[in-house]
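**Q** The following block contains the structure, expressed as structure tokens.
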Amino acid sequence: MFKIVKDTNPKLRETCDEVSLPLSEEDGQILEEMLDYLKKSQDEEFLKAHPSVRSGVGLAAPQIGIKKKMIAVYIDYQDSPLAYLLVNPKIIASSVRQCYLSGGEGCLSVDTPHPGKVYRAYKITVKAYDYLAKKERKIVARGYEAIVLQHEIDHLSGILFYDHIGKTEPGIDYGDAIEI
Ligand SMILES: [Zn+2]
């Protein structure tokens, strides 16, 4: 199991390096292990056996001590789970429309609560090498999925979700609440 790098570690604030393509076998292995970790973290039996593991839908390589632009997302939608293993992801378009998670954001690297609205673009287009599709592609994501991707891509620049809190004027409605 990975040891998750916490926000008390300055390494989490570093900007990650571009990953060279074609992807090395080693980097592919890391991505698969990241996805496996997320799946396990959402498995009730596994969590019972590993009480120190917290449940997560996204993981960025710097959170496991690897300074590379790689992220994993796994959202266990009942009919068809959504999985992304992305290399060098870059947001190339963002909607003006904003949104935020109604319950606030959480992070495997952050153990202390940081209440507050984290406004993010409602719709984004991400360009990345998609390891599961084995090709370079553009992904359009909205709402919750867009929030998760923006959270993970932020990690690659050393940005944490609570950096965004309080950057907006209180009392102004910048966008809609998204319920999970
Ligand atoms: Zn995080």
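Letters for chains follow the order of the structure tokens (A, B, ...), residue numbers begin at 1 for each chain, and ligand numbers begin at 1 in the order shown.
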What are the closest atom pairs, with distances in Å to one decimal, for all residues of segment 44-145 of chain A lying within 8 Å of segment 159-172 of chain A? Consider only C-alpha atoms, order rows by chain and residue number, and present the result as CSV.

**A**
residue,atom,partner,partner_atom,distance
A:Glu105,CA,A:Phe161,CA,6.9
A:Gly106,CA,A:Phe161,CA,7.8
A:Cys107,CA,A:Phe161,CA,7.8
A:His114,CA,A:Tyr162,CA,6.3
A:Gly116,CA,A:Ile165,CA,5.8
A:Lys117,CA,A:Ile165,CA,6.0
A:Val118,CA,A:Ile165,CA,5.5
A:Tyr119,CA,A:His164,CA,7.3

**Q** Would you tabulate, counting only C-alpha atoms and all ligand atoms, all residues of chain A that have an atom at most 12 Å from an atom of ligand 1, showing the closest pair of atoms and their distance in Å to one decimal, sorted by chain then ascending number, as JSON lines?

**A**
{"residue": "A:Ile4", "atom": "CA", "partner": "ligand 1", "partner_atom_place_in_ligand_line": "1 (Zn)", "distance": 10.4}
{"residue": "A:Val5", "atom": "CA", "partner": "ligand 1", "partner_atom_place_in_ligand_line": "1 (Zn)", "distance": 10.2}
{"residue": "A:Lys6", "atom": "CA", "partner": "ligand 1", "partner_atom_place_in_ligand_line": "1 (Zn)", "distance": 9.6}
{"residue": "A:Asp7", "atom": "CA", "partner": "ligand 1", "partner_atom_place_in_ligand_line": "1 (Zn)", "distance": 9.3}
{"residue": "A:Leu12", "atom": "CA", "partner": "ligand 1", "partner_atom_place_in_ligand_line": "1 (Zn)", "distance": 9.9}
{"residue": "A:Arg13", "atom": "CA", "partner": "ligand 1", "partner_atom_place_in_ligand_line": "1 (Zn)", "distance": 11.7}
{"residue": "A:Arg54", "atom": "CA", "partner": "ligand 1", "partner_atom_place_in_ligand_line": "1 (Zn)", "distance": 11.9}
{"residue": "A:Ser55", "atom": "CA", "partner": "ligand 1", "partner_atom_place_in_ligand_line": "1 (Zn)", "distance": 11.6}
{"residue": "A:Gly56", "atom": "CA", "partner": "ligand 1", "partner_atom_place_in_ligand_line": "1 (Zn)", "distance": 8.7}
{"residue": "A:Val57", "atom": "CA", "partner": "ligand 1", "partner_atom_place_in_ligand_line": "1 (Zn)", "distance": 9.3}
{"residue": "A:Gly58", "atom": "CA", "partner": "ligand 1", "partner_atom_place_in_ligand_line": "1 (Zn)", "distance": 7.0}
{"residue": "A:Leu59", "atom": "CA", "partner": "ligand 1", "partner_atom_place_in_ligand_line": "1 (Zn)", "distance": 6.6}
{"residue": "A:Ala60", "atom": "CA", "partner": "ligand 1", "partner_atom_place_in_ligand_line": "1 (Zn)", "distance": 7.2}
{"residue": "A:Ala61", "atom": "CA", "partner": "ligand 1", "partner_atom_place_in_ligand_line": "1 (Zn)", "distance": 10.4}
{"residue": "A:Pro62", "atom": "CA", "partner": "ligand 1", "partner_atom_place_in_ligand_line": "1 (Zn)", "distance": 9.8}
{"residue": "A:Gln63", "atom": "CA", "partner": "ligand 1", "partner_atom_place_in_ligand_line": "1 (Zn)", "distance": 7.7}
{"residue": "A:Ile64", "atom": "CA", "partner": "ligand 1", "partner_atom_place_in_ligand_line": "1 (Zn)", "distance": 11.1}
{"residue": "A:Ile71", "atom": "CA", "partner": "ligand 1", "partner_atom_place_in_ligand_line": "1 (Zn)", "distance": 10.4}
{"residue": "A:Ala72", "atom": "CA", "partner": "ligand 1", "partner_atom_place_in_ligand_line": "1 (Zn)", "distance": 11.0}
{"residue": "A:Val73", "atom": "CA", "partner": "ligand 1", "partner_atom_place_in_ligand_line": "1 (Zn)", "distance": 11.0}
{"residue": "A:Glu105", "atom": "CA", "partner": "ligand 1", "partner_atom_place_in_ligand_line": "1 (Zn)", "distance": 8.5}
{"residue": "A:Gly106", "atom": "CA", "partner": "ligand 1", "partner_atom_place_in_ligand_line": "1 (Zn)", "distance": 6.8}
{"residue": "A:Cys107", "atom": "CA", "partner": "ligand 1", "partner_atom_place_in_ligand_line": "1 (Zn)", "distance": 3.8}
{"residue": "A:Leu108", "atom": "CA", "partner": "ligand 1", "partner_atom_place_in_ligand_line": "1 (Zn)", "distance": 5.7}
{"residue": "A:Ser109", "atom": "CA", "partner": "ligand 1", "partner_atom_place_in_ligand_line": "1 (Zn)", "distance": 6.0}
{"residue": "A:Val110", "atom": "CA", "partner": "ligand 1", "partner_atom_place_in_ligand_line": "1 (Zn)", "distance": 7.4}
{"residue": "A:Asp111", "atom": "CA", "partner": "ligand 1", "partner_atom_place_in_ligand_line": "1 (Zn)", "distance": 10.7}
{"residue": "A:Ile147", "atom": "CA", "partner": "ligand 1", "partner_atom_place_in_ligand_line": "1 (Zn)", "distance": 11.1}
{"residue": "A:Val148", "atom": "CA", "partner": "ligand 1", "partner_atom_place_in_ligand_line": "1 (Zn)", "distance": 8.7}
{"residue": "A:Leu149", "atom": "CA", "partner": "ligand 1", "partner_atom_place_in_ligand_line": "1 (Zn)", "distance": 10.1}
{"residue": "A:Gln150", "atom": "CA", "partner": "ligand 1", "partner_atom_place_in_ligand_line": "1 (Zn)", "distance": 9.8}
{"residue": "A:His151", "atom": "CA", "partner": "ligand 1", "partner_atom_place_in_ligand_line": "1 (Zn)", "distance": 6.1}
{"residue": "A:Glu152", "atom": "CA", "partner": "ligand 1", "partner_atom_place_in_ligand_line": "1 (Zn)", "distance": 6.0}
{"residue": "A:Ile153", "atom": "CA", "partner": "ligand 1", "partner_atom_place_in_ligand_line": "1 (Zn)", "distance": 9.2}
{"residue": "A:Asp154", "atom": "CA", "partner": "ligand 1", "partner_atom_place_in_ligand_line": "1 (Zn)", "distance": 8.3}
{"residue": "A:His155", "atom": "CA", "partner": "ligand 1", "partner_atom_place_in_ligand_line": "1 (Zn)", "distance": 6.6}
{"residue": "A:Leu156", "atom": "CA", "partner": "ligand 1", "partner_atom_place_in_ligand_line": "1 (Zn)", "distance": 10.1}
{"residue": "A:Ser157", "atom": "CA", "partner": "ligand 1", "partner_atom_place_in_ligand_line": "1 (Zn)", "distance": 11.8}
{"residue": "A:Gly158", "atom": "CA", "partner": "ligand 1", "partner_atom_place_in_ligand_line": "1 (Zn)", "distance": 10.1}
{"residue": "A:Ile159", "atom": "CA", "partner": "ligand 1", "partner_atom_place_in_ligand_line": "1 (Zn)", "distance": 8.9}
{"residue": "A:Leu160", "atom": "CA", "partner": "ligand 1", "partner_atom_place_in_ligand_line": "1 (Zn)", "distance": 6.5}
{"residue": "A:Phe161", "atom": "CA", "partner": "ligand 1", "partner_atom_place_in_ligand_line": "1 (Zn)", "distance": 6.9}
{"residue": "A:Tyr162", "atom": "CA", "partner": "ligand 1", "partner_atom_place_in_ligand_line": "1 (Zn)", "distance": 9.8}
{"residue": "A:Asp163", "atom": "CA", "partner": "ligand 1", "partner_atom_place_in_ligand_line": "1 (Zn)", "distance": 11.6}

**Q** Quick one: distance from atom CA of Leu86 of chain A to atom CA of Tyr37 of chain A in Å, one decimal?

**A**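 Rounded to one decimal, the two atoms are 15.3 Å apart.
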
**Q** Could you work out how far atom CA of Thr112 of chain A lies from atom CA of Pro89 of chain A, giving the answer in Å with one decimal?

**A**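 Separation between atom CA of Pro89 of chain A and atom CA of Thr112 of chain A: 27.7 Å.
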
**Q** Between atom CA of Ile124 of chain A and atom CA of Ser95 of chain A, measure the distance and give it in Å to one decimal.

**A**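 It comes out at 6.3 Å.
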
**Q** Looking only at the backbone, which of the residues in segment 3-166 of chain A does DSSP tag as alpha helix (DSSP H), as a PyMOL selection string?

**A** chain A and resi 25-41+44-49+143-155

**Q** Taking the DSSP assignment computed from this structure's backbone, write out as a short mmCIF file (atom, residue, chain, number, x, y, z; two decimals) with C-alpha atoms, in the first residue's frame all residues of segment 60-157 of chain A that belong to strand (DSSP E).

**A**
data_model
loop_
_atom_site.label_atom_id
_atom_site.label_comp_id
_atom_site.auth_asym_id
_atom_site.auth_seq_id
_atom_site.Cartn_x
_atom_site.Cartn_y
_atom_site.Cartn_z
CA ALA A 60 -2.31 12.49 -7.97
CA MET A 70 -0.02 11.70 -13.53
CA ILE A 71 -3.47 11.40 -11.97
CA ALA A 72 -6.04 8.68 -11.32
CA VAL A 73 -9.80 9.10 -10.91
CA TYR A 74 -12.27 6.40 -9.99
CA ILE A 75 -15.94 7.18 -9.43
CA LEU A 82 -15.76 6.03 -14.41
CA ALA A 83 -11.99 5.58 -14.42
CA TYR A 84 -9.31 7.90 -15.75
CA LEU A 85 -5.57 7.38 -15.69
CA LEU A 86 -4.16 10.55 -17.20
CA VAL A 87 -0.62 11.59 -18.05
CA ASN A 88 0.35 15.27 -18.50
CA PRO A 89 -3.26 16.44 -18.13
CA LYS A 90 -3.83 20.05 -19.11
CA ILE A 91 -7.03 22.06 -18.87
CA ILE A 92 -7.40 23.70 -22.28
CA ALA A 93 -10.88 25.19 -21.82
CA SER A 94 -12.99 26.16 -18.79
CA GLN A 98 -18.78 28.01 -11.78
CA CYS A 99 -19.89 25.39 -9.29
CA TYR A 100 -18.85 23.99 -5.92
CA LEU A 101 -19.37 20.80 -3.95
CA ARG A 120 -14.41 25.58 -9.83
CA ALA A 121 -15.35 25.70 -13.49
CA LYS A 123 -17.28 22.43 -17.46
CA ILE A 124 -13.71 21.80 -18.56
CA THR A 125 -11.87 20.29 -21.47
CA VAL A 126 -8.75 18.35 -20.52
CA LYS A 127 -6.07 17.28 -22.96
CA ALA A 128 -3.99 14.33 -21.77
CA TYR A 129 -2.46 11.02 -22.66
CA ASP A 130 -5.12 8.58 -21.54
CA LYS A 135 -3.90 7.51 -26.74
CA GLU A 136 -3.76 11.25 -26.53
CA ARG A 137 -7.27 12.63 -26.20
CA LYS A 138 -9.51 15.44 -25.08
CA ILE A 139 -11.98 14.84 -22.25
CA VAL A 140 -14.98 17.06 -21.63
CA ALA A 141 -16.17 16.88 -18.02
CA ARG A 142 -19.00 18.63 -16.19
#

**Q** Have a look at A:Leu132, A:Glu26, A:Gln78, A:Tyr144 and name the one nearest to Gly104 of chain A; count only C-alpha atoms.

**A**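 The closest residue to Gly104 of chain A is A:Tyr144.
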
**Q** Using only C-alpha atoms for the distances, tell me which of A:Phe2, A:Tyr77, A:Tyr131, A:Tyr174 is nearest to Leu21 of chain A.

**A**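 Among A:Phe2, A:Tyr77, A:Tyr131, A:Tyr174, it is A:Tyr131 that comes nearest to Leu21 of chain A.
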
**Q** Let me make sure I understand: among A:Glu14, A:Ser20, A:Pro115, A:Asp176, which one has the smallest atom-to-atom distance to Gly103 of chain A if we use only C-alpha atoms?

**A**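 Among the listed residues, the smallest separation from Gly103 of chain A belongs to A:Pro115.
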
**Q** Taking into account only C-alpha atoms, which residue in the set A:Met1, A:Leu23, A:Cys16, A:Ile66 is nearest to Val53 of chain A?

**A**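 Counting only C-alpha atoms, the residue closest to Val53 of chain A is A:Met1.
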